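Pasting run37.cif here (mmCIF, N, CA and C atoms):
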data_upload
#
loop_
_atom_site.label_atom_id
_atom_site.label_comp_id
_atom_site.auth_asym_id
_atom_site.auth_seq_id
_atom_site.Cartn_x
_atom_site.Cartn_y
_atom_site.Cartn_z
N MET A 9 0.82 -1.20 0.00
CA MET A 9 0.00 0.00 0.00
C MET A 9 0.86 1.27 0.00
N THR A 10 1.93 1.29 0.80
CA THR A 10 2.80 2.46 0.89
C THR A 10 3.40 2.80 -0.47
N ARG A 11 3.93 1.80 -1.17
CA ARG A 11 4.53 2.02 -2.48
C ARG A 11 3.52 2.63 -3.45
N GLU A 12 2.29 2.13 -3.44
CA GLU A 12 1.27 2.63 -4.35
C GLU A 12 0.93 4.10 -4.06
N ILE A 13 0.91 4.46 -2.79
CA ILE A 13 0.62 5.86 -2.42
C ILE A 13 1.73 6.77 -2.93
N ILE A 14 2.97 6.39 -2.70
CA ILE A 14 4.11 7.22 -3.14
C ILE A 14 4.16 7.29 -4.66
N GLN A 15 3.97 6.17 -5.33
CA GLN A 15 3.96 6.15 -6.80
C GLN A 15 2.84 7.04 -7.34
N SER A 16 1.66 6.94 -6.73
CA SER A 16 0.52 7.75 -7.17
C SER A 16 0.79 9.24 -6.95
N PHE A 17 1.44 9.57 -5.85
CA PHE A 17 1.80 10.97 -5.60
C PHE A 17 2.69 11.50 -6.72
N TRP A 18 3.74 10.74 -7.08
CA TRP A 18 4.66 11.21 -8.12
C TRP A 18 3.97 11.26 -9.49
N GLU A 19 3.07 10.33 -9.75
CA GLU A 19 2.31 10.38 -11.01
C GLU A 19 1.45 11.63 -11.05
N ALA A 20 0.84 11.97 -9.93
CA ALA A 20 0.02 13.20 -9.87
C ALA A 20 0.90 14.43 -10.04
N MET A 21 2.10 14.44 -9.46
CA MET A 21 3.02 15.56 -9.67
C MET A 21 3.32 15.72 -11.15
N GLY A 22 3.42 14.61 -11.87
CA GLY A 22 3.73 14.63 -13.29
C GLY A 22 2.65 15.24 -14.15
N THR A 23 1.43 15.37 -13.63
CA THR A 23 0.37 16.04 -14.39
C THR A 23 0.54 17.56 -14.36
N ASN A 24 1.40 18.04 -13.45
CA ASN A 24 1.59 19.46 -13.21
C ASN A 24 0.33 20.13 -12.67
N ASP A 25 -0.62 19.32 -12.22
CA ASP A 25 -1.80 19.80 -11.50
C ASP A 25 -1.48 19.56 -10.03
N PHE A 26 -0.92 20.56 -9.37
CA PHE A 26 -0.40 20.37 -8.03
C PHE A 26 -1.50 20.28 -6.97
N ASP A 27 -2.71 20.70 -7.31
CA ASP A 27 -3.85 20.43 -6.43
C ASP A 27 -4.16 18.94 -6.44
N GLU A 28 -4.05 18.31 -7.60
CA GLU A 28 -4.25 16.86 -7.70
C GLU A 28 -3.19 16.13 -6.88
N ALA A 29 -1.94 16.57 -6.99
CA ALA A 29 -0.87 15.95 -6.21
C ALA A 29 -1.10 16.14 -4.71
N ALA A 30 -1.58 17.32 -4.33
CA ALA A 30 -1.81 17.63 -2.92
C ALA A 30 -2.92 16.77 -2.32
N ALA A 31 -3.76 16.18 -3.15
CA ALA A 31 -4.80 15.28 -2.66
C ALA A 31 -4.20 14.05 -1.99
N TRP A 32 -2.92 13.74 -2.29
CA TRP A 32 -2.22 12.62 -1.65
C TRP A 32 -1.60 13.01 -0.32
N LEU A 33 -1.76 14.27 0.06
CA LEU A 33 -1.17 14.77 1.30
C LEU A 33 -2.23 14.87 2.40
N HIS A 34 -1.83 14.54 3.59
CA HIS A 34 -2.68 14.61 4.78
C HIS A 34 -3.04 16.09 5.05
N PRO A 35 -4.21 16.37 5.62
CA PRO A 35 -4.55 17.76 5.96
C PRO A 35 -3.53 18.44 6.88
N ASP A 36 -2.83 17.65 7.71
CA ASP A 36 -1.81 18.19 8.62
C ASP A 36 -0.40 18.07 8.04
N PHE A 37 -0.29 18.04 6.73
CA PHE A 37 0.98 17.83 6.03
C PHE A 37 2.05 18.84 6.44
N GLU A 38 3.29 18.34 6.58
CA GLU A 38 4.47 19.16 6.86
C GLU A 38 5.56 18.80 5.85
N TYR A 39 6.29 19.80 5.37
CA TYR A 39 7.34 19.63 4.38
C TYR A 39 8.57 20.39 4.85
N PHE A 40 9.74 19.74 4.75
CA PHE A 40 10.98 20.36 5.22
C PHE A 40 12.09 20.09 4.22
N MET A 41 12.86 21.14 3.89
CA MET A 41 14.04 21.02 3.03
C MET A 41 15.26 21.36 3.89
N PRO A 42 16.00 20.33 4.38
CA PRO A 42 17.12 20.57 5.29
C PRO A 42 18.24 21.43 4.72
N GLN A 43 18.46 21.38 3.41
CA GLN A 43 19.57 22.13 2.83
C GLN A 43 19.38 23.63 2.95
N THR A 44 18.13 24.09 2.98
CA THR A 44 17.84 25.52 3.12
C THR A 44 17.10 25.85 4.42
N ASN A 45 16.77 24.81 5.19
CA ASN A 45 16.02 24.95 6.43
C ASN A 45 14.64 25.55 6.22
N GLU A 46 14.04 25.33 5.05
CA GLU A 46 12.69 25.84 4.78
C GLU A 46 11.65 24.82 5.23
N TYR A 47 10.58 25.32 5.81
CA TYR A 47 9.53 24.49 6.39
C TYR A 47 8.18 25.01 5.90
N LEU A 48 7.33 24.10 5.48
CA LEU A 48 6.02 24.45 4.94
C LEU A 48 4.97 23.60 5.63
N ILE A 49 3.82 24.19 5.92
CA ILE A 49 2.71 23.46 6.54
C ILE A 49 1.49 23.56 5.63
N GLY A 50 0.84 22.42 5.39
CA GLY A 50 -0.42 22.40 4.68
C GLY A 50 -0.32 22.01 3.22
N ARG A 51 -1.28 21.21 2.80
CA ARG A 51 -1.26 20.75 1.41
C ARG A 51 -1.58 21.88 0.43
N GLU A 52 -2.39 22.85 0.84
CA GLU A 52 -2.67 23.98 -0.06
C GLU A 52 -1.40 24.80 -0.30
N ASN A 53 -0.61 25.01 0.75
CA ASN A 53 0.66 25.73 0.59
C ASN A 53 1.61 24.94 -0.31
N PHE A 54 1.60 23.62 -0.18
CA PHE A 54 2.43 22.77 -1.04
C PHE A 54 2.03 22.95 -2.51
N ALA A 55 0.74 22.93 -2.79
CA ALA A 55 0.26 23.08 -4.17
C ALA A 55 0.63 24.46 -4.71
N ARG A 56 0.44 25.51 -3.92
CA ARG A 56 0.75 26.86 -4.39
C ARG A 56 2.25 27.04 -4.61
N PHE A 57 3.06 26.51 -3.70
CA PHE A 57 4.52 26.57 -3.82
C PHE A 57 4.98 25.93 -5.13
N ASN A 58 4.47 24.74 -5.43
CA ASN A 58 4.88 24.04 -6.65
C ASN A 58 4.36 24.73 -7.90
N ALA A 59 3.15 25.26 -7.85
CA ALA A 59 2.59 25.98 -9.00
C ALA A 59 3.38 27.25 -9.31
N ALA A 60 3.94 27.87 -8.29
CA ALA A 60 4.69 29.12 -8.46
C ALA A 60 6.15 28.90 -8.80
N TYR A 61 6.62 27.66 -8.72
CA TYR A 61 8.04 27.38 -8.93
C TYR A 61 8.44 27.78 -10.35
N PRO A 62 9.52 28.55 -10.51
CA PRO A 62 9.94 29.01 -11.85
C PRO A 62 10.25 27.81 -12.76
N THR A 63 9.75 27.86 -13.99
CA THR A 63 9.94 26.74 -14.92
C THR A 63 10.07 27.24 -16.35
N GLU A 64 10.76 26.46 -17.15
CA GLU A 64 10.90 26.73 -18.58
C GLU A 64 9.91 25.90 -19.39
N GLY A 65 9.22 24.97 -18.74
CA GLY A 65 8.29 24.09 -19.44
C GLY A 65 7.53 23.23 -18.45
N THR A 66 7.00 22.14 -18.93
CA THR A 66 6.25 21.21 -18.09
C THR A 66 7.22 20.33 -17.31
N TRP A 67 6.96 20.19 -16.02
CA TRP A 67 7.79 19.33 -15.17
C TRP A 67 7.49 17.87 -15.46
N THR A 68 8.54 17.06 -15.53
CA THR A 68 8.38 15.61 -15.59
C THR A 68 9.13 15.00 -14.41
N PHE A 69 8.61 13.89 -13.93
CA PHE A 69 9.14 13.22 -12.75
C PHE A 69 9.35 11.75 -13.10
N LYS A 70 10.60 11.29 -13.02
CA LYS A 70 10.91 9.89 -13.33
C LYS A 70 11.41 9.21 -12.06
N VAL A 71 10.58 8.34 -11.52
CA VAL A 71 10.93 7.64 -10.28
C VAL A 71 12.03 6.63 -10.57
N GLN A 72 13.15 6.79 -9.86
CA GLN A 72 14.27 5.86 -9.98
C GLN A 72 14.10 4.68 -9.02
N SER A 73 13.63 4.98 -7.80
CA SER A 73 13.42 3.92 -6.82
C SER A 73 12.53 4.42 -5.70
N ILE A 74 11.85 3.46 -5.08
CA ILE A 74 11.06 3.70 -3.87
C ILE A 74 11.39 2.55 -2.92
N VAL A 75 11.81 2.89 -1.72
CA VAL A 75 12.07 1.90 -0.67
C VAL A 75 11.05 2.15 0.42
N CYS A 76 10.33 1.10 0.81
CA CYS A 76 9.17 1.28 1.70
C CYS A 76 9.26 0.48 2.99
N GLY A 77 8.65 1.06 4.01
CA GLY A 77 8.29 0.38 5.23
C GLY A 77 6.77 0.38 5.31
N ASP A 78 6.21 0.06 6.45
CA ASP A 78 4.76 0.04 6.60
C ASP A 78 4.15 1.43 6.53
N HIS A 79 4.81 2.41 7.13
CA HIS A 79 4.26 3.77 7.20
C HIS A 79 5.27 4.83 6.79
N ASP A 80 6.30 4.42 6.05
CA ASP A 80 7.28 5.38 5.58
C ASP A 80 7.91 4.88 4.29
N ALA A 81 8.55 5.79 3.58
CA ALA A 81 9.19 5.43 2.31
C ALA A 81 10.23 6.49 1.97
N VAL A 82 11.16 6.09 1.11
CA VAL A 82 12.13 7.01 0.54
C VAL A 82 12.04 6.86 -0.96
N SER A 83 11.95 7.99 -1.67
CA SER A 83 11.93 7.95 -3.13
C SER A 83 13.09 8.75 -3.69
N ASP A 84 13.59 8.28 -4.83
CA ASP A 84 14.66 8.93 -5.58
C ASP A 84 14.06 9.25 -6.94
N VAL A 85 13.93 10.54 -7.27
CA VAL A 85 13.20 10.96 -8.46
C VAL A 85 14.01 11.95 -9.27
N LEU A 86 14.11 11.70 -10.59
CA LEU A 86 14.72 12.65 -11.51
C LEU A 86 13.64 13.60 -11.99
N ILE A 87 13.96 14.90 -12.00
CA ILE A 87 12.98 15.93 -12.32
C ILE A 87 13.58 16.85 -13.38
N THR A 88 12.77 17.17 -14.39
CA THR A 88 13.22 18.11 -15.41
C THR A 88 12.05 18.91 -15.97
N ASP A 89 12.37 20.10 -16.44
CA ASP A 89 11.40 20.90 -17.18
C ASP A 89 11.88 21.07 -18.62
N GLY A 90 12.87 20.27 -19.01
CA GLY A 90 13.45 20.36 -20.34
C GLY A 90 14.66 21.28 -20.38
N SER A 91 14.79 22.12 -19.39
CA SER A 91 15.92 23.04 -19.30
C SER A 91 16.76 22.76 -18.06
N THR A 92 16.08 22.56 -16.96
CA THR A 92 16.73 22.28 -15.68
C THR A 92 16.56 20.81 -15.34
N ASP A 93 17.66 20.16 -14.96
CA ASP A 93 17.62 18.77 -14.52
C ASP A 93 17.96 18.73 -13.03
N ALA A 94 17.17 18.01 -12.27
CA ALA A 94 17.37 17.93 -10.83
C ALA A 94 17.05 16.52 -10.34
N ARG A 95 17.37 16.29 -9.10
CA ARG A 95 17.08 15.03 -8.44
C ARG A 95 16.56 15.36 -7.06
N ALA A 96 15.49 14.66 -6.66
CA ALA A 96 14.94 14.82 -5.31
C ALA A 96 14.98 13.47 -4.60
N VAL A 97 15.56 13.46 -3.42
CA VAL A 97 15.53 12.30 -2.55
C VAL A 97 14.61 12.69 -1.40
N THR A 98 13.47 12.00 -1.32
CA THR A 98 12.40 12.41 -0.42
C THR A 98 12.08 11.31 0.59
N PHE A 99 12.07 11.68 1.86
CA PHE A 99 11.65 10.78 2.94
C PHE A 99 10.19 11.11 3.23
N HIS A 100 9.32 10.13 3.08
CA HIS A 100 7.89 10.30 3.26
C HIS A 100 7.44 9.56 4.52
N ALA A 101 6.57 10.17 5.31
CA ALA A 101 5.90 9.51 6.43
C ALA A 101 4.41 9.52 6.11
N LEU A 102 3.74 8.37 6.35
CA LEU A 102 2.33 8.24 6.03
C LEU A 102 1.48 8.11 7.29
N GLN A 103 0.27 8.62 7.20
CA GLN A 103 -0.73 8.46 8.25
C GLN A 103 -2.10 8.46 7.59
N ASP A 104 -2.94 7.54 7.98
CA ASP A 104 -4.31 7.45 7.45
C ASP A 104 -4.34 7.33 5.93
N GLY A 105 -3.34 6.65 5.34
CA GLY A 105 -3.31 6.43 3.90
C GLY A 105 -2.89 7.64 3.10
N LEU A 106 -2.35 8.67 3.76
CA LEU A 106 -1.89 9.88 3.08
C LEU A 106 -0.49 10.25 3.58
N ILE A 107 0.21 11.07 2.82
CA ILE A 107 1.54 11.52 3.20
C ILE A 107 1.38 12.67 4.20
N ILE A 108 1.90 12.47 5.40
CA ILE A 108 1.78 13.50 6.43
C ILE A 108 3.05 14.36 6.53
N ARG A 109 4.21 13.78 6.19
CA ARG A 109 5.47 14.54 6.25
C ARG A 109 6.38 14.16 5.10
N GLN A 110 7.09 15.15 4.60
CA GLN A 110 8.16 14.91 3.64
C GLN A 110 9.38 15.72 4.05
N LYS A 111 10.53 15.04 4.05
CA LYS A 111 11.82 15.71 4.20
C LYS A 111 12.53 15.48 2.88
N GLU A 112 12.87 16.57 2.18
CA GLU A 112 13.32 16.43 0.80
C GLU A 112 14.68 17.09 0.59
N PHE A 113 15.58 16.32 -0.04
CA PHE A 113 16.92 16.78 -0.37
C PHE A 113 17.03 16.93 -1.88
N TRP A 114 17.62 18.04 -2.32
CA TRP A 114 17.86 18.32 -3.74
C TRP A 114 19.37 18.44 -3.93
N PRO A 115 20.06 17.30 -4.11
CA PRO A 115 21.52 17.35 -4.24
C PRO A 115 21.93 17.94 -5.58
N ASP A 116 22.97 18.76 -5.55
CA ASP A 116 23.53 19.32 -6.78
C ASP A 116 24.53 18.34 -7.38
N ASN A 117 24.53 18.25 -8.70
CA ASN A 117 25.55 17.46 -9.39
C ASN A 117 26.89 18.17 -9.29
N TYR A 118 27.97 17.41 -9.33
CA TYR A 118 29.30 17.99 -9.35
C TYR A 118 30.23 17.06 -10.10
N LEU A 119 31.33 17.59 -10.60
CA LEU A 119 32.29 16.79 -11.35
C LEU A 119 33.00 15.81 -10.42
N ALA A 120 33.23 14.62 -10.94
CA ALA A 120 33.95 13.61 -10.16
C ALA A 120 35.39 14.05 -9.95
N PRO A 121 35.91 13.94 -8.74
CA PRO A 121 37.30 14.30 -8.48
C PRO A 121 38.26 13.36 -9.23
N GLU A 122 39.31 13.93 -9.77
CA GLU A 122 40.29 13.16 -10.56
C GLU A 122 40.92 12.03 -9.75
N TRP A 123 41.17 12.23 -8.47
CA TRP A 123 41.88 11.23 -7.67
C TRP A 123 41.16 9.89 -7.62
N ARG A 124 39.84 9.88 -7.86
CA ARG A 124 39.09 8.62 -7.80
C ARG A 124 39.06 7.86 -9.12
N SER A 125 39.58 8.44 -10.18
CA SER A 125 39.43 7.87 -11.52
C SER A 125 40.08 6.50 -11.68
N GLN A 126 41.05 6.14 -10.85
CA GLN A 126 41.66 4.81 -10.96
C GLN A 126 40.70 3.69 -10.53
N TRP A 127 39.65 4.05 -9.78
CA TRP A 127 38.68 3.05 -9.34
C TRP A 127 37.29 3.25 -9.93
N MET A 128 36.98 4.47 -10.30
CA MET A 128 35.63 4.83 -10.71
C MET A 128 35.63 5.27 -12.17
N ARG A 129 34.49 5.08 -12.81
CA ARG A 129 34.31 5.67 -14.14
C ARG A 129 33.04 6.49 -14.13
N VAL A 130 33.00 7.50 -14.93
CA VAL A 130 31.83 8.39 -15.02
C VAL A 130 30.87 7.81 -16.04
N MET A 131 29.60 7.70 -15.64
CA MET A 131 28.56 7.13 -16.50
C MET A 131 27.68 8.25 -17.02
N SER A 132 27.18 8.10 -18.23
CA SER A 132 26.25 9.10 -18.76
C SER A 132 24.86 8.92 -18.18
N GLU A 133 24.53 7.71 -17.76
CA GLU A 133 23.25 7.41 -17.11
C GLU A 133 23.50 6.51 -15.91
N ALA A 134 22.58 6.54 -14.98
CA ALA A 134 22.67 5.66 -13.81
C ALA A 134 22.56 4.20 -14.27
N PRO A 135 23.46 3.32 -13.81
CA PRO A 135 23.40 1.91 -14.22
C PRO A 135 22.26 1.13 -13.58
N PHE A 136 21.69 1.67 -12.50
CA PHE A 136 20.56 1.01 -11.83
C PHE A 136 19.76 2.01 -11.06
#
Output the file's structure in the form of structure tokens.
Amino acid sequence: MTREIIQSFWEAMGTNDFDEAAAWLHPDFEYFMPQTNEYLIGRENFARFNAAYPTEGTWTFKVQSIVCGDHDAVSDVLITDGSTDARAVTFHALQDGLIIRQKEFWPDNYLAPEWRSQWMRVMSEAPF
């Protein structure tokens, strides 16, 4: 059940109808981005925040993986608007069949350090 809820949330995000996506959020929803220490309360605020986010086109969301427990999950999602490419690693907590909390990390890409090249190779796409 948890996996289906998280998958459905990301599918709804992909419609770019953020009110539809917010329907997967609990009325007491909380959202936190640790990298900037920003905190948001409420599914309506979540929908408005995402609708206002600057974009060059339609957002697409490609789920790379979802790891689930009974009432929590972590998702790894590639996000693009055709101009900007990003990745979100999101920790979800569920209550009453809805997402009540999300802690979301948006890691920046960076060039691989040269010193690791004897063991590592750079891939154009994730191998898994």
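Considering only N, CA and C atoms, the residue among A:Asn53, A:Trp67, A:Gln43, A:Ile108 positioned nearest to Thr23 of chain A is A:Trp67.
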Suppose a student applies the PyMOL selection byres ((chain A and resi 25-39) around 5) to this structure; what residues should they get, written as a short mmCIF file (atom, residue, chain, number, x, y, z; two decimals) with N, CA and C atoms, in the frame of the given file?
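The result, written out as expr-v6.cif:
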data_model
loop_
_atom_site.label_atom_id
_atom_site.label_comp_id
_atom_site.auth_asym_id
_atom_site.auth_seq_id
_atom_site.Cartn_x
_atom_site.Cartn_y
_atom_site.Cartn_z
N ALA A 20 0.84 11.97 -9.93
CA ALA A 20 0.02 13.20 -9.87
C ALA A 20 0.90 14.43 -10.04
N MET A 21 2.10 14.44 -9.46
CA MET A 21 3.02 15.56 -9.67
C MET A 21 3.32 15.72 -11.15
N THR A 23 1.43 15.37 -13.63
CA THR A 23 0.37 16.04 -14.39
C THR A 23 0.54 17.56 -14.36
N ASN A 24 1.40 18.04 -13.45
CA ASN A 24 1.59 19.46 -13.21
C ASN A 24 0.33 20.13 -12.67
N PHE A 40 9.74 19.74 4.75
CA PHE A 40 10.98 20.36 5.22
C PHE A 40 12.09 20.09 4.22
N MET A 41 12.86 21.14 3.89
CA MET A 41 14.04 21.02 3.03
C MET A 41 15.26 21.36 3.89
N TYR A 47 10.58 25.32 5.81
CA TYR A 47 9.53 24.49 6.39
C TYR A 47 8.18 25.01 5.90
N LEU A 48 7.33 24.10 5.48
CA LEU A 48 6.02 24.45 4.94
C LEU A 48 4.97 23.60 5.63
N ILE A 49 3.82 24.19 5.92
CA ILE A 49 2.71 23.46 6.54
C ILE A 49 1.49 23.56 5.63
N GLY A 50 0.84 22.42 5.39
CA GLY A 50 -0.42 22.40 4.68
C GLY A 50 -0.32 22.01 3.22
N ALA A 55 0.74 22.93 -2.79
CA ALA A 55 0.26 23.08 -4.17
C ALA A 55 0.63 24.46 -4.71
N LEU A 106 -2.35 8.67 3.76
CA LEU A 106 -1.89 9.88 3.08
C LEU A 106 -0.49 10.25 3.58
N ILE A 107 0.21 11.07 2.82
CA ILE A 107 1.54 11.52 3.20
C ILE A 107 1.38 12.67 4.20
N ILE A 108 1.90 12.47 5.40
CA ILE A 108 1.78 13.50 6.43
C ILE A 108 3.05 14.36 6.53
N ARG A 109 4.21 13.78 6.19
CA ARG A 109 5.47 14.54 6.25
C ARG A 109 6.38 14.16 5.10
N GLN A 110 7.09 15.15 4.60
CA GLN A 110 8.16 14.91 3.64
C GLN A 110 9.38 15.72 4.05
#
Next on the checklist: Give me, as a list in words, all polymer residues having an atom no more than 8 Å from Ala94 of chain A, counting only N, CA and C atoms and skipping those fewer than 2 positions away in the same chain.
Outcome noted: Val85, Leu86, Ile87, Thr88, Asp89, Ser91, Thr92, Ala96, Val97, Trp114, Pro115, Asp116 and Asn117 of chain A
Limited to N, CA and C atoms, could you put the picked residues into a file as a PDB file, in the coordinates of the input?
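What ended up in part23.pdb:
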ATOM      1  N   VAL A  85      13.930  10.540  -7.270  1.00  0.00           N
ATOM      2  CA  VAL A  85      13.200  10.960  -8.460  1.00  0.00           C
ATOM      3  C   VAL A  85      14.010  11.950  -9.270  1.00  0.00           C
ATOM      4  N   LEU A  86      14.110  11.700 -10.590  1.00  0.00           N
ATOM      5  CA  LEU A  86      14.720  12.650 -11.510  1.00  0.00           C
ATOM      6  C   LEU A  86      13.640  13.600 -11.990  1.00  0.00           C
ATOM      7  N   ILE A  87      13.960  14.900 -12.000  1.00  0.00           N
ATOM      8  CA  ILE A  87      12.980  15.930 -12.320  1.00  0.00           C
ATOM      9  C   ILE A  87      13.580  16.850 -13.380  1.00  0.00           C
ATOM     10  N   THR A  88      12.770  17.170 -14.390  1.00  0.00           N
ATOM     11  CA  THR A  88      13.220  18.110 -15.410  1.00  0.00           C
ATOM     12  C   THR A  88      12.050  18.910 -15.970  1.00  0.00           C
ATOM     13  N   ASP A  89      12.370  20.100 -16.440  1.00  0.00           N
ATOM     14  CA  ASP A  89      11.400  20.900 -17.180  1.00  0.00           C
ATOM     15  C   ASP A  89      11.880  21.070 -18.620  1.00  0.00           C
ATOM     16  N   SER A  91      14.790  22.120 -19.390  1.00  0.00           N
ATOM     17  CA  SER A  91      15.920  23.040 -19.300  1.00  0.00           C
ATOM     18  C   SER A  91      16.760  22.760 -18.060  1.00  0.00           C
ATOM     19  N   THR A  92      16.080  22.560 -16.960  1.00  0.00           N
ATOM     20  CA  THR A  92      16.730  22.280 -15.680  1.00  0.00           C
ATOM     21  C   THR A  92      16.560  20.810 -15.340  1.00  0.00           C
ATOM     22  N   ALA A  96      15.490  14.660  -6.660  1.00  0.00           N
ATOM     23  CA  ALA A  96      14.940  14.820  -5.310  1.00  0.00           C
ATOM     24  C   ALA A  96      14.980  13.470  -4.600  1.00  0.00           C
ATOM     25  N   VAL A  97      15.560  13.460  -3.420  1.00  0.00           N
ATOM     26  CA  VAL A  97      15.530  12.300  -2.550  1.00  0.00           C
ATOM     27  C   VAL A  97      14.610  12.690  -1.400  1.00  0.00           C
ATOM     28  N   TRP A 114      17.620  18.040  -2.320  1.00  0.00           N
ATOM     29  CA  TRP A 114      17.860  18.320  -3.740  1.00  0.00           C
ATOM     30  C   TRP A 114      19.370  18.440  -3.930  1.00  0.00           C
ATOM     31  N   PRO A 115      20.060  17.300  -4.110  1.00  0.00           N
ATOM     32  CA  PRO A 115      21.520  17.350  -4.240  1.00  0.00           C
ATOM     33  C   PRO A 115      21.930  17.940  -5.580  1.00  0.00           C
ATOM     34  N   ASP A 116      22.970  18.760  -5.550  1.00  0.00           N
ATOM     35  CA  ASP A 116      23.530  19.320  -6.780  1.00  0.00           C
ATOM     36  C   ASP A 116      24.530  18.340  -7.380  1.00  0.00           C
ATOM     37  N   ASN A 117      24.530  18.250  -8.700  1.00  0.00           N
ATOM     38  CA  ASN A 117      25.550  17.460  -9.390  1.00  0.00           C
ATOM     39  C   ASN A 117      26.890  18.170  -9.290  1.00  0.00           C
TER      40      ASN A 117
END
Next on the checklist: To one decimal place in Å, what is the distance between atom CA of Lys70 of chain A and atom CA of Glu52 of chain A?
Outcome noted: 23.6 Å
Item to check | Distance of atom N of Ile14 of chain A from atom C of Ala101 of chain A, expressed in Å to one decimal place | outcome: 9.5 Å
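For the file shown, the residue list from the PyMOL selection byres ((chain A and resi 80) around 5) reads Cys76, Gly77, Asp78, His79, Ala81, Val82, His100, Ala101 and Leu102 of chain A.
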Go ahead and save the residues from that selection, with N, CA and C atoms, as a PDB file, in the frame of the given file.
ATOM      1  N   CYS A  76      10.330   1.100   0.810  1.00  0.00           N
ATOM      2  CA  CYS A  76       9.170   1.280   1.700  1.00  0.00           C
ATOM      3  C   CYS A  76       9.260   0.480   2.990  1.00  0.00           C
ATOM      4  N   GLY A  77       8.650   1.060   4.010  1.00  0.00           N
ATOM      5  CA  GLY A  77       8.290   0.380   5.230  1.00  0.00           C
ATOM      6  C   GLY A  77       6.770   0.380   5.310  1.00  0.00           C
ATOM      7  N   ASP A  78       6.210   0.060   6.450  1.00  0.00           N
ATOM      8  CA  ASP A  78       4.760   0.040   6.600  1.00  0.00           C
ATOM      9  C   ASP A  78       4.150   1.430   6.530  1.00  0.00           C
ATOM     10  N   HIS A  79       4.810   2.410   7.130  1.00  0.00           N
ATOM     11  CA  HIS A  79       4.260   3.770   7.200  1.00  0.00           C
ATOM     12  C   HIS A  79       5.270   4.830   6.790  1.00  0.00           C
ATOM     13  N   ALA A  81       8.550   5.790   3.580  1.00  0.00           N
ATOM     14  CA  ALA A  81       9.190   5.430   2.310  1.00  0.00           C
ATOM     15  C   ALA A  81      10.230   6.490   1.970  1.00  0.00           C
ATOM     16  N   VAL A  82      11.160   6.090   1.110  1.00  0.00           N
ATOM     17  CA  VAL A  82      12.130   7.010   0.540  1.00  0.00           C
ATOM     18  C   VAL A  82      12.040   6.860  -0.960  1.00  0.00           C
ATOM     19  N   HIS A 100       9.320  10.130   3.080  1.00  0.00           N
ATOM     20  CA  HIS A 100       7.890  10.300   3.260  1.00  0.00           C
ATOM     21  C   HIS A 100       7.440   9.560   4.520  1.00  0.00           C
ATOM     22  N   ALA A 101       6.570  10.170   5.310  1.00  0.00           N
ATOM     23  CA  ALA A 101       5.900   9.510   6.430  1.00  0.00           C
ATOM     24  C   ALA A 101       4.410   9.520   6.110  1.00  0.00           C
ATOM     25  N   LEU A 102       3.740   8.370   6.350  1.00  0.00           N
ATOM     26  CA  LEU A 102       2.330   8.240   6.030  1.00  0.00           C
ATOM     27  C   LEU A 102       1.480   8.110   7.290  1.00  0.00           C
TER      28      LEU A 102
END
Checklist entry - What residues in chain A get the DSSP label helix (DSSP H, G or I)? Please answer as a PyMOL selection string. => result chain A and resi 10-21+26-30+51-60+122-124
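You will find atom N of Ser83 of chain A at 4.3 Å from atom N of Thr98 of chain A.
Here the PyMOL selection byres (((chain A and resi 134 and name CA) around 12) and name CA) catches exactly these residues: Gln72, Ser73, Asp84, Leu86, Arg129, Val130, Met131, Ser132, Glu133, Pro135 and Phe136 of chain A.
When all atoms listed in the file are used to measure the gap to Met9 of chain A, the shortest distance among A:Gly65, A:Phe113, A:Gly22, A:Gly105 belongs to A:Gly105.
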